[in-house]
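File shown: final-v5.tsv. Contents: TSV, C-alpha atoms and all ligand atoms.
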chain	number	residue	atom	x	y	z
A	100	MET	CA	61.49	193.42	23.99
A	101	GLU	CA	62.39	196.28	26.33
A	102	ALA	CA	59.32	198.15	27.48
A	103	LYS	CA	60.90	201.32	28.85
A	104	ILE	CA	59.52	204.79	28.29
A	105	LYS	CA	61.59	207.30	26.36
A	106	SER	CA	60.83	210.87	27.32
A	107	THR	CA	59.28	213.00	24.62
A	108	GLU	CA	59.48	216.76	24.96
A	109	ARG	CA	57.43	217.88	21.99
A	110	PRO	CA	53.71	217.10	21.90
A	111	ILE	CA	53.32	214.14	19.64
A	112	HIS	CA	50.83	213.74	16.82
A	113	PHE	CA	50.21	210.48	15.07
A	114	PRO	CA	47.29	208.85	13.32
A	115	PHE	CA	44.86	206.32	14.81
A	116	LEU	CA	45.58	204.13	11.78
A	117	ASP	CA	48.44	204.75	9.31
A	118	LEU	CA	47.45	203.31	5.94
A	119	LYS	CA	49.97	205.53	4.17
A	120	ALA	CA	52.80	203.77	5.98
A	121	GLN	CA	51.37	200.41	4.94
A	122	PHE	CA	51.10	201.51	1.32
A	123	ALA	CA	54.70	202.77	1.35
A	124	SER	CA	55.83	199.26	2.30
A	125	ILE	CA	54.05	197.58	-0.65
A	126	ARG	CA	54.04	200.39	-3.19
A	127	ASP	CA	55.74	198.66	-6.11
A	128	GLU	CA	53.82	195.39	-5.84
A	129	THR	CA	50.53	197.26	-5.55
A	130	ILE	CA	51.18	199.52	-8.54
A	131	ALA	CA	52.19	196.48	-10.59
A	132	ALA	CA	48.92	194.74	-9.66
A	133	ILE	CA	46.85	197.81	-10.56
A	134	THR	CA	48.69	198.16	-13.86
A	135	ARG	CA	48.01	194.50	-14.68
A	136	VAL	CA	44.26	195.07	-14.24
A	137	MET	CA	44.29	198.34	-16.18
A	138	GLU	CA	46.05	196.64	-19.06
A	139	SER	CA	43.53	193.80	-19.05
A	140	GLN	CA	40.56	196.22	-18.90
A	141	GLN	CA	38.68	193.40	-17.17
A	142	PHE	CA	37.12	195.10	-14.15
A	143	ILE	CA	34.18	193.06	-12.91
A	144	LEU	CA	34.81	189.62	-11.33
A	145	GLY	CA	37.06	187.66	-13.73
A	146	GLU	CA	40.43	186.00	-13.15
A	147	GLU	CA	41.70	188.28	-10.40
A	148	VAL	CA	38.60	187.72	-8.28
A	149	GLN	CA	38.72	183.99	-8.91
A	150	ALA	CA	42.37	183.86	-7.91
A	151	LEU	CA	41.71	185.83	-4.72
A	152	GLU	CA	38.79	183.53	-3.89
A	153	GLN	CA	41.01	180.46	-4.22
A	154	GLU	CA	43.87	182.00	-2.27
A	155	MET	CA	41.60	183.17	0.50
A	156	ALA	CA	39.75	179.83	0.74
A	157	ALA	CA	43.10	178.08	1.16
A	158	TRP	CA	44.30	180.66	3.68
A	159	ILE	CA	41.18	180.37	5.84
A	160	GLY	CA	40.96	176.60	5.44
A	161	VAL	CA	37.63	176.22	3.63
A	162	ARG	CA	36.56	174.79	0.26
A	163	GLU	CA	35.00	177.96	-1.12
A	164	ALA	CA	35.22	181.73	-0.87
A	165	VAL	CA	32.89	184.06	-2.77
A	166	GLY	CA	33.77	187.73	-3.28
A	167	CYS	CA	31.08	190.38	-2.97
A	168	ALA	CA	30.63	194.14	-2.63
A	169	SER	CA	31.23	194.61	1.13
A	170	GLY	CA	31.10	192.94	4.51
A	171	THR	CA	27.52	194.14	4.84
A	172	ALA	CA	26.68	192.53	1.50
A	173	ALA	CA	28.36	189.31	2.68
A	174	LEU	CA	25.98	189.18	5.67
A	175	GLU	CA	22.93	190.04	3.57
A	176	LEU	CA	23.70	187.52	0.82
A	177	GLY	CA	24.55	184.92	3.45
A	178	LEU	CA	21.22	185.33	5.22
A	179	GLN	CA	19.38	185.32	1.90
A	180	VAL	CA	21.08	182.20	0.57
A	181	ILE	CA	20.05	180.15	3.60
A	182	GLY	CA	16.50	181.43	3.25
A	183	ILE	CA	16.17	183.82	6.20
A	184	GLY	CA	13.28	186.26	5.79
A	185	GLN	CA	9.99	187.57	7.10
A	186	GLY	CA	8.90	186.00	10.37
A	187	ASP	CA	12.30	184.52	11.20
A	188	GLU	CA	14.42	185.39	14.21
A	189	VAL	CA	18.21	185.57	14.25
A	190	ILE	CA	20.12	185.77	17.52
A	191	THR	CA	23.12	188.08	17.74
A	192	THR	CA	24.98	190.53	19.97
A	193	PRO	CA	23.93	194.15	20.51
A	194	TYR	CA	27.59	195.16	20.92
A	195	THR	CA	28.81	195.19	17.32
A	196	PHE	CA	28.90	197.31	14.20
A	197	VAL	CA	25.40	198.13	12.93
A	198	ALA	CA	25.71	195.93	9.83
A	199	THR	CA	25.41	192.67	11.80
A	200	ALA	CA	21.87	193.36	13.00
A	201	GLY	CA	21.07	195.64	10.07
A	202	ALA	CA	21.56	192.77	7.62
A	203	ILE	CA	19.09	190.64	9.62
A	204	ALA	CA	16.44	193.38	9.72
A	205	ARG	CA	16.89	194.18	6.03
A	206	GLN	CA	16.05	190.58	5.15
A	207	GLY	CA	12.73	191.17	6.95
A	208	ALA	CA	13.79	189.00	9.92
A	209	ARG	CA	13.98	190.04	13.56
A	210	PRO	CA	17.34	190.53	15.28
A	211	VAL	CA	17.10	189.01	18.76
A	212	PHE	CA	19.84	190.33	20.99
A	213	VAL	CA	21.53	188.55	23.87
A	214	ASP	CA	24.10	190.12	26.16
A	215	ILE	CA	27.89	189.83	25.94
A	216	ASP	CA	30.51	188.23	28.13
A	217	PRO	CA	32.27	191.26	29.67
A	218	ALA	CA	35.64	189.49	29.63
A	219	THR	CA	35.70	189.08	25.84
A	220	PHE	CA	33.04	191.58	24.61
A	221	ASN	CA	31.65	188.69	22.53
A	222	ILE	CA	28.19	187.12	22.68
A	223	ASP	CA	27.67	185.13	25.89
A	224	PRO	CA	26.97	181.56	24.71
A	225	ALA	CA	25.05	180.74	27.91
A	226	GLN	CA	22.39	183.30	27.04
A	227	ILE	CA	21.64	182.00	23.56
A	228	GLU	CA	19.49	178.99	24.43
A	229	PRO	CA	17.02	180.95	26.62
A	230	ALA	CA	16.46	183.30	23.66
A	231	VAL	CA	15.59	180.51	21.21
A	232	THR	CA	11.93	180.40	20.10
A	233	ARG	CA	9.99	178.45	17.46
A	234	ARG	CA	10.93	181.19	15.00
A	235	THR	CA	14.67	181.18	15.59
A	236	ARG	CA	16.59	180.15	12.48
A	237	ALA	CA	20.15	181.31	12.93
A	238	VAL	CA	22.82	182.76	15.23
A	239	ILE	CA	25.40	185.33	14.17
A	240	PRO	CA	28.36	185.41	16.55
A	241	VAL	CA	30.69	188.35	15.90
A	242	HIS	CA	34.42	187.93	16.51
A	243	LEU	CA	34.66	191.43	17.90
A	244	PHE	CA	37.86	193.48	17.70
A	245	GLY	CA	39.70	190.40	16.35
A	246	LEU	CA	38.96	187.89	19.13
A	247	PRO	CA	36.97	184.76	18.21
A	248	ALA	CA	33.67	184.25	20.01
A	249	ASP	CA	33.42	181.07	22.08
A	250	LEU	CA	32.36	178.94	19.12
A	251	ASN	CA	32.03	175.44	20.57
A	252	PRO	CA	29.11	176.11	22.93
A	253	ILE	CA	27.49	178.26	20.22
A	254	LEU	CA	27.77	175.46	17.64
A	255	GLU	CA	26.42	173.04	20.24
A	256	VAL	CA	23.26	175.08	20.95
A	257	ALA	CA	22.83	175.59	17.21
A	258	ARG	CA	23.04	171.83	16.60
A	259	ARG	CA	20.46	171.09	19.32
A	260	HIS	CA	17.97	173.59	17.87
A	261	ARG	CA	18.86	173.16	14.18
A	262	LEU	CA	20.02	176.75	13.78
A	263	ALA	CA	22.46	177.97	11.16
A	264	VAL	CA	25.61	179.69	12.44
A	265	ILE	CA	26.91	182.57	10.33
A	266	GLU	CA	30.17	183.98	11.60
A	267	ASP	CA	30.63	187.74	11.35
A	268	ALA	CA	34.41	187.61	10.95
A	269	ALA	CA	34.75	191.13	9.52
A	270	GLN	CA	37.19	192.16	12.25
A	271	ALA	CA	38.97	188.85	12.75
A	272	ILE	CA	40.58	187.53	9.57
A	273	GLY	CA	43.25	185.00	10.57
A	274	ALA	CA	42.15	184.68	14.22
A	275	GLU	CA	42.13	181.09	15.46
A	276	TYR	CA	39.80	179.15	17.70
A	277	LYS	CA	41.25	175.83	18.88
A	278	GLY	CA	43.81	175.95	16.10
A	279	LYS	CA	41.44	176.69	13.19
A	280	ARG	CA	40.85	180.02	11.51
A	281	VAL	CA	37.53	181.78	11.97
A	282	GLY	CA	35.23	181.71	8.99
A	283	SER	CA	35.60	177.91	8.84
A	284	PHE	CA	33.25	177.01	11.72
A	285	GLY	CA	29.80	178.24	10.73
A	286	ILE	CA	27.81	177.30	7.64
A	287	LEU	CA	29.08	180.65	6.31
A	288	GLY	CA	31.77	183.13	7.33
A	289	CYS	CA	31.50	186.81	6.41
A	290	PHE	CA	34.52	189.05	5.86
A	291	SER	CA	34.97	192.73	5.04
A	292	PHE	CA	37.76	194.41	3.10
A	293	PHE	CA	36.85	197.90	4.33
A	294	PRO	CA	40.17	199.78	4.38
A	295	SER	CA	40.50	199.77	8.19
A	296	LYS	CA	40.06	195.99	8.54
A	297	ASN	CA	43.16	193.83	8.96
A	298	LEU	CA	42.99	192.97	5.26
A	299	GLY	CA	41.71	196.19	3.72
A	300	GLY	CA	41.20	197.07	0.07
A	301	ALA	CA	41.36	200.40	-1.75
A	302	GLY	CA	37.61	200.77	-1.35
A	303	ASP	CA	34.76	198.47	-0.37
A	304	GLY	CA	34.77	194.71	-0.70
A	305	GLY	CA	33.70	191.54	1.08
A	306	MET	CA	33.96	187.74	1.03
A	307	ILE	CA	31.86	184.80	2.15
A	308	THR	CA	33.58	181.55	3.09
A	309	THR	CA	31.94	178.13	3.23
A	310	GLN	CA	32.60	174.40	3.08
A	311	ASP	CA	29.37	173.93	1.11
A	312	ARG	CA	29.91	173.98	-2.65
A	313	ASP	CA	26.21	174.23	-3.38
A	314	LEU	CA	25.81	177.32	-1.18
A	315	ALA	CA	28.87	178.85	-2.85
A	316	SER	CA	27.41	178.31	-6.28
A	317	ARG	CA	24.10	179.89	-5.24
A	318	LEU	CA	26.00	182.84	-3.73
A	319	ARG	CA	27.83	183.29	-7.05
A	320	GLN	CA	24.45	183.42	-8.70
A	321	LEU	CA	22.91	185.80	-6.13
A	322	ARG	CA	25.67	188.37	-6.60
A	323	VAL	CA	24.84	188.67	-10.31
A	324	HIS	CA	21.07	189.15	-10.12
A	325	GLY	CA	20.36	185.45	-9.76
A	326	SER	CA	21.65	184.45	-13.15
A	327	ARG	CA	23.86	181.53	-14.02
A	328	GLU	CA	23.33	181.74	-17.73
A	329	LYS	CA	23.29	185.17	-19.34
A	330	TYR	CA	19.84	186.81	-19.19
A	331	ARG	CA	18.17	183.89	-17.49
A	332	TYR	CA	17.12	184.46	-13.85
A	333	GLU	CA	16.18	181.45	-11.75
A	334	PHE	CA	15.66	183.58	-8.65
A	335	LEU	CA	16.24	187.22	-7.86
A	336	GLY	CA	19.60	188.36	-6.68
A	337	THR	CA	21.34	191.70	-6.74
A	338	ASN	CA	24.47	193.41	-8.00
A	339	SER	CA	27.04	192.66	-5.31
A	340	ARG	CA	30.37	191.94	-6.93
A	341	LEU	CA	33.96	192.32	-5.94
A	342	ASP	CA	35.88	194.14	-8.63
A	343	ALA	CA	39.15	193.10	-10.21
A	344	LEU	CA	41.14	196.13	-8.98
A	345	GLN	CA	40.19	195.34	-5.39
A	346	ALA	CA	40.98	191.67	-5.87
A	347	ALA	CA	44.39	192.39	-7.39
A	348	ILE	CA	45.30	194.75	-4.53
A	349	LEU	CA	43.97	192.32	-1.91
A	350	ARG	CA	46.04	189.49	-3.40
A	351	VAL	CA	49.16	191.56	-2.80
A	352	LYS	CA	48.09	192.31	0.75
A	353	LEU	CA	47.06	188.74	1.58
A	354	ARG	CA	50.69	187.71	1.07
A	355	HIS	CA	51.68	190.07	3.90
A	356	LEU	CA	48.77	189.40	6.23
A	357	SER	CA	50.44	186.81	8.48
A	358	GLU	CA	53.42	189.07	9.07
A	359	TRP	CA	51.20	192.12	9.67
A	360	THR	CA	49.09	190.14	12.13
A	361	GLU	CA	52.23	189.12	13.99
A	362	ARG	CA	53.23	192.79	14.25
A	363	ARG	CA	49.79	193.71	15.63
A	364	ARG	CA	50.17	190.97	18.24
A	365	GLU	CA	53.64	192.24	19.16
A	366	ALA	CA	52.29	195.78	19.56
A	367	ALA	CA	49.54	194.39	21.81
A	368	SER	CA	52.02	192.57	24.00
A	369	ARG	CA	54.13	195.69	24.19
A	370	TYR	CA	51.06	197.61	25.41
A	371	GLN	CA	50.58	194.91	28.07
A	372	LYS	CA	54.15	195.41	29.29
A	373	LEU	CA	53.85	199.18	29.34
A	374	PHE	CA	50.60	199.06	31.32
A	375	ALA	CA	52.22	196.68	33.79
A	376	HIS	CA	55.22	199.00	34.11
A	377	TYR	CA	52.96	201.87	35.17
A	378	ARG	CA	50.76	199.67	37.39
A	379	LEU	CA	47.64	201.12	35.86
A	380	GLU	CA	45.36	198.79	37.76
A	381	GLU	CA	42.16	200.70	37.11
A	382	ILE	CA	42.42	199.61	33.49
A	383	THR	CA	41.34	196.25	32.10
A	384	LEU	CA	43.34	195.14	29.08
A	385	PRO	CA	42.18	192.91	26.25
A	386	SER	CA	43.35	189.32	26.35
A	387	ALA	CA	42.59	186.05	24.63
A	388	PRO	CA	41.47	182.89	26.44
A	389	PRO	CA	44.12	180.15	25.94
A	390	ASP	CA	42.13	178.36	23.19
A	391	ARG	CA	42.04	181.43	20.91
A	392	THR	CA	44.28	183.93	19.17
A	393	HIS	CA	43.47	187.62	19.00
A	394	VAL	CA	44.37	189.48	15.78
A	395	TYR	CA	43.79	192.93	17.30
A	396	ASN	CA	41.85	194.76	14.66
A	397	GLN	CA	41.35	196.99	17.69
A	398	PHE	CA	43.14	197.17	21.04
A	399	VAL	CA	40.27	197.98	23.36
A	400	ILE	CA	40.81	198.81	27.01
A	401	ARG	CA	38.17	199.23	29.65
A	402	CYS	CA	38.66	202.24	31.88
A	403	PRO	CA	36.93	204.45	34.43
A	404	ARG	CA	36.06	208.02	33.32
A	405	ARG	CA	36.47	207.02	29.69
A	406	ASP	CA	35.21	210.24	28.11
A	407	GLU	CA	37.45	212.44	30.28
A	408	LEU	CA	40.42	210.22	29.49
A	409	ARG	CA	39.70	210.46	25.78
A	410	ASP	CA	39.58	214.28	25.93
A	411	PHE	CA	42.81	214.34	27.87
A	412	LEU	CA	44.55	212.06	25.34
A	413	SER	CA	43.28	214.18	22.52
A	414	SER	CA	44.75	217.30	24.16
A	415	ARG	CA	48.10	215.47	24.15
A	416	GLY	CA	47.78	214.57	20.46
A	417	ILE	CA	47.04	210.90	21.19
A	418	PRO	CA	44.27	209.49	18.98
A	419	SER	CA	41.68	207.04	20.30
A	420	GLU	CA	38.23	205.83	19.25
A	421	ILE	CA	35.08	204.53	20.86
A	422	TYR	CA	33.69	201.21	19.58
A	423	TYR	CA	30.75	201.50	20.10
A	424	PRO	CA	29.26	204.46	21.94
A	425	SER	CA	25.79	202.91	21.98
A	426	PRO	CA	24.75	199.26	21.81
A	427	LEU	CA	22.42	198.47	18.94
A	428	HIS	CA	19.29	197.76	21.05
A	429	LEU	CA	19.30	201.46	22.04
A	430	GLN	CA	19.68	202.81	18.50
A	431	PRO	CA	16.72	204.67	16.96
A	432	ALA	CA	16.94	202.43	13.88
A	433	PHE	CA	16.03	199.42	16.06
A	434	ALA	CA	13.37	201.15	18.18
A	435	ASP	CA	10.66	198.92	16.67
A	436	LEU	CA	12.29	195.90	18.32
A	437	ASN	CA	11.11	197.38	21.60
A	438	TYR	CA	14.22	196.94	23.68
A	439	HIS	CA	14.98	199.28	26.58
A	440	GLU	CA	17.87	200.58	28.61
A	441	GLY	CA	18.80	197.91	31.16
A	442	ASP	CA	17.98	194.97	28.87
A	443	PHE	CA	21.65	194.15	28.20
A	444	PRO	CA	23.65	195.60	31.08
A	445	GLN	CA	27.03	194.21	30.00
A	446	ALA	CA	26.78	195.66	26.50
A	447	GLU	CA	25.59	198.97	27.94
A	448	ALA	CA	28.47	199.10	30.44
A	449	ALA	CA	31.00	198.25	27.73
A	450	SER	CA	29.75	201.06	25.51
A	451	LYS	CA	30.38	203.52	28.36
A	452	GLU	CA	33.79	202.20	29.46
A	453	THR	CA	35.73	201.03	26.43
A	454	LEU	CA	38.37	202.94	24.53
A	455	ALA	CA	40.34	201.77	21.49
A	456	LEU	CA	44.03	202.73	21.38
A	457	PRO	CA	46.00	202.87	18.13
A	458	ILE	CA	47.17	199.47	16.92
A	459	TYR	CA	48.55	198.59	13.50
A	460	PRO	CA	51.64	196.84	12.11
A	461	GLU	CA	53.46	200.13	11.48
A	462	LEU	CA	52.68	201.64	14.91
A	463	ARG	CA	55.87	203.19	16.27
A	464	GLU	CA	57.16	202.40	19.74
A	465	GLU	CA	57.59	206.07	20.60
A	466	HIS	CA	53.91	206.63	19.83
A	467	GLN	CA	52.87	203.71	22.00
A	468	ASP	CA	55.08	205.06	24.76
A	469	ALA	CA	53.50	208.50	24.45
A	470	ALA	CA	50.00	207.00	24.65
A	471	ILE	CA	50.73	205.06	27.83
A	472	LYS	CA	52.57	207.95	29.39
A	473	ALA	CA	49.58	210.22	28.81
A	474	ILE	CA	47.19	207.63	30.28
A	475	ALA	CA	49.42	207.28	33.35
A	476	GLU	CA	49.52	211.04	33.69
A	477	PHE	CA	45.73	211.24	33.55
A	478	TYR	CA	45.18	208.71	36.33
A	479	LYS	CA	48.02	209.94	38.53
A	480	LEU	CA	47.04	213.59	38.26
A	481	SER	CA	43.37	213.05	38.89
B	1	LIG	C1	33.12	196.29	9.13
B	1	LIG	C2	32.11	195.38	9.68
B	1	LIG	C3	31.01	194.94	8.94
B	1	LIG	C4	30.65	195.51	7.59
B	1	LIG	O1	31.62	195.52	6.65
B	1	LIG	P1	31.57	196.60	5.46
B	1	LIG	O2	32.57	196.08	4.50
B	1	LIG	O3	31.92	197.93	6.04
B	1	LIG	O4	30.19	196.59	4.89
B	1	LIG	C5	30.17	194.00	9.50
B	1	LIG	N1	30.37	193.55	10.75
B	1	LIG	C6	31.39	193.97	11.51
B	1	LIG	C7	31.56	193.40	12.88
B	1	LIG	C8	32.29	194.91	11.02
B	1	LIG	O5	33.29	195.34	11.78

As structure tokens, how would this structure be written, given the file I've shared?
Amino acid sequence: MEAKIKSTERPIHFPFLDLKAQFASIRDETIAAITRVMESQQFILGEEVQALEQEMAAWIGVREAVGCASGTAALELGLQVIGIGQGDEVITTPYTFVATAGAIARQGARPVFVDIDPATFNIDPAQIEPAVTRRTRAVIPVHLFGLPADLNPILEVARRHRLAVIEDAAQAIGAEYKGKRVGSFGILGCFSFFPSKNLGGAGDGGMITTQDRDLASRLRQLRVHGSREKYRYEFLGTNSRLDALQAAILRVKLRHLSEWTERRREAASRYQKLFAHYRLEEITLPSAPPDRTHVYNQFVIRCPRRDELRDFLSSRGIPSEIYYPSPLHLQPAFADLNYHEGDFPQAEAASKETLALPIYPELREEHQDAAIKAIAEFYKLS
């Protein structure tokens, strides 16, 4: 692949994520799938959801997959099914989407944060054991931006202290750790089909993966108010179902996911070449340790003067995003946990220095070129 810059005279405008381009590439298959569901008039759970569950379980490499309403619901149901509640502590990272810790708190348990490894942005396994108390019941590693957390040492600490590991794999479908796909390591794996995830639906949706058939059957009960038989409730659940239209659309997209992931990885390696070409040494690029694959839900760089750079890019029509501008321990919603600025310096530094550049299978080379050119201009001019 030639990583040369083509000059662009006109200011360029392109989206941060182009779902319209993706739809254009699968239009006929998607419309056929939607039509099939409309003709069946079977909208809640049913055959389409069952088929997606089987296809996804096989794709991830687990025995069972259980569809539910969202990635957030997957985390909440997952915590509930293993019995996490009032008085329990669950260790996780403060540098993640709010749902990870929100799901813990909404079960009545306490999120206990530990800092991240600045090289991967994922939870630092070495800091988990010192945070374990008599109340600790589980750990939720998040495979942030599409890069698996360092699972082996996490599973090892969990085994020593009899903690459950629930993987938050919402951003990392298809990513591998030592040759196996994430979502197959913990007792449960939680996925999201939010439209901007690597496998995104036409609305909300989620999935829980597990090797444990008994947990899967209790999850299937929890998502329909706790009933197995009609109008008999053995325990209380909720309404958290995946619907047939989502499942039918996701089945179409799952068939393309490997190829789309490959294209994301190619775009990432093209970014690497372009950054090298401009010798932008002030910038740290994302990379995967040799035992893992990155599926680049986001391509997140670390850069000095991040906010100024973002404004400059925006003035050039180059979109970018900040994930996440504040770590969770400093959010008002978690004030009762009594954390303070300085508690997790790596997460705090990351939230001030990281910037996500556009990455998706349909990303055009000229747009990537324009992004890098503008970044080079910013650092050379200033
Ligand atoms: C998207 C996301 C979730 C929540 O998924 P929803 O489907 O939006 O509820 C949870 N955790 C992480 C890390 C996410 O990125």

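Closest approach to Glu420 (chain A) among A:Asp435, A:Leu144, A:Thr129, A:Ala455 is made by A:Ala455 (distances from only C-alpha atoms).
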
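Using all atoms listed in the file for every distance, the candidate list A:Val165, A:Leu427, A:Leu454, A:Val148 yields A:Leu454 as the residue closest to Pro403 (chain A).
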
Q.
Taking all atoms listed in the file into account, name the residue in A:Leu344, A:Leu250, A:Leu353, A:Ile203 that is nearest to ligand LIG 1 (chain B).
A.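 Under the stated criterion, the closest residue is A:Ile203.
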
Q | Shell around Thr337 (chain A) at 10 Å using all atoms listed in the file, local window under 6 positions removed, as a ChimeraX atom specification | A | /A:172,176,320-326

Q | 10 Å shell around ligand LIG 1 (chain B) using all atoms listed in the file, listed as a PyMOL selection string | A | chain A and resi 167-175+194-202+240-245+266-271+289-296+299-300+302-306+396+422

Q | From A:Ala346, A:Ala274, A:Ile253, A:Ala123, residue lying nearest Ile159 (chain A) [all atoms listed in the file] | A |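 The answer is A:Ala274, which sits nearest to Ile159 (chain A).
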
Within 7 Å of Gln345 (chain A), counting only C-alpha atoms, which residues qualify if same-chain residues fewer than 3 places away don't, as a compact mmCIF listing (two decimals) with C-alpha atoms, keeping the file's coordinate frame?
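Okay, part-v2.txt is ready:
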# COMPACT_ATOMS: atom_id res chain seq x y z
CA GLY A 300 41.20 197.07 0.07
CA ALA A 301 41.36 200.40 -1.75
CA LEU A 341 33.96 192.32 -5.94
CA ASP A 342 35.88 194.14 -8.63
CA ILE A 348 45.30 194.75 -4.53
CA LEU A 349 43.97 192.32 -1.91

At a cut-off of 8 Å from (29.3, 197.4, 27.3) in the coordinates of the file, what residues are picked up using all atoms listed in the file, written as a PDB file with C-alpha atoms, in the coordinates of the input?
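Result file selection29.pdb:
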ATOM      1  CA  TYR A 194      27.590 195.160  20.920  1.00  0.00           C
ATOM      2  CA  ILE A 215      27.890 189.830  25.940  1.00  0.00           C
ATOM      3  CA  PRO A 217      32.270 191.260  29.670  1.00  0.00           C
ATOM      4  CA  PHE A 220      33.040 191.580  24.610  1.00  0.00           C
ATOM      5  CA  PRO A 426      24.750 199.260  21.810  1.00  0.00           C
ATOM      6  CA  PRO A 444      23.650 195.600  31.080  1.00  0.00           C
ATOM      7  CA  GLN A 445      27.030 194.210  30.000  1.00  0.00           C
ATOM      8  CA  ALA A 446      26.780 195.660  26.500  1.00  0.00           C
ATOM      9  CA  GLU A 447      25.590 198.970  27.940  1.00  0.00           C
ATOM     10  CA  ALA A 448      28.470 199.100  30.440  1.00  0.00           C
ATOM     11  CA  ALA A 449      31.000 198.250  27.730  1.00  0.00           C
ATOM     12  CA  SER A 450      29.750 201.060  25.510  1.00  0.00           C
ATOM     13  CA  LYS A 451      30.380 203.520  28.360  1.00  0.00           C
ATOM     14  CA  GLU A 452      33.790 202.200  29.460  1.00  0.00           C
ATOM     15  CA  THR A 453      35.730 201.030  26.430  1.00  0.00           C
TER      16      THR A 453
END

Q | Non-local contacts of Ser386 (chain A) (10 Å; only C-alpha atoms; under 4 positions in same chain excluded) as a PyMOL selection string | A | chain A and resi 218-219+246+367-368+371+391-393+395+398-400

Q. So what do you get for CA of Arg378 (chain A) versus CA of Ala469 (chain A), distance-wise?
A. 15.9 Å

Q: Would you please work out which residue, of A:Phe443, A:Gln397, A:Lys119, A:Glu465, is nearest to Asp223 (chain A) when using only C-alpha atoms?
A: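 Under the stated criterion, the closest residue is A:Phe443.
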
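Candidate residues A:Leu462, A:Ala432, A:Ala470, A:Val264 were compared for distance to Asp117 (chain A), and the nearest is A:Leu462, using all atoms listed in the file.
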
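CA of Arg364 (chain A) is positioned 20.5 Å from CA of Lys472 (chain A).
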
(Q) I'd like the interatomic distance between CA of Gln149 (chain A) and CA of Gln121 (chain A), to a tenth of an Å. (A)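 So the two atoms, CA of Gln149 (chain A) and CA of Gln121 (chain A), lie 24.9 Å apart.
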
Using the atoms already present, construct all heavy atoms for region 165-169 of chain A and hand them back as a compact mmCIF listing (two decimals), in the coordinates of the input.
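Saved the output as result.txt:
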# COMPACT_ATOMS: atom_id res chain seq x y z
N VAL A 165 33.64 183.35 -1.73
CA VAL A 165 32.89 184.06 -2.77
C VAL A 165 33.00 185.56 -2.51
O VAL A 165 32.55 186.06 -1.47
CB VAL A 165 31.40 183.64 -2.76
CG1 VAL A 165 30.62 184.37 -3.85
CG2 VAL A 165 31.26 182.13 -2.92
N GLY A 166 33.60 186.28 -3.44
CA GLY A 166 33.77 187.73 -3.28
C GLY A 166 32.45 188.46 -3.49
O GLY A 166 31.60 188.02 -4.28
N CYS A 167 32.28 189.57 -2.79
CA CYS A 167 31.08 190.38 -2.97
C CYS A 167 31.41 191.84 -2.64
O CYS A 167 32.57 192.18 -2.39
CB CYS A 167 29.93 189.85 -2.12
SG CYS A 167 30.27 189.90 -0.36
N ALA A 168 30.40 192.69 -2.64
CA ALA A 168 30.63 194.14 -2.63
C ALA A 168 31.14 194.71 -1.31
O ALA A 168 31.79 195.75 -1.30
CB ALA A 168 29.35 194.86 -3.05
N SER A 169 30.83 194.07 -0.19
CA SER A 169 31.23 194.61 1.13
C SER A 169 30.98 193.54 2.18
O SER A 169 30.36 192.50 1.91
CB SER A 169 30.39 195.85 1.46
OG SER A 169 29.03 195.49 1.66
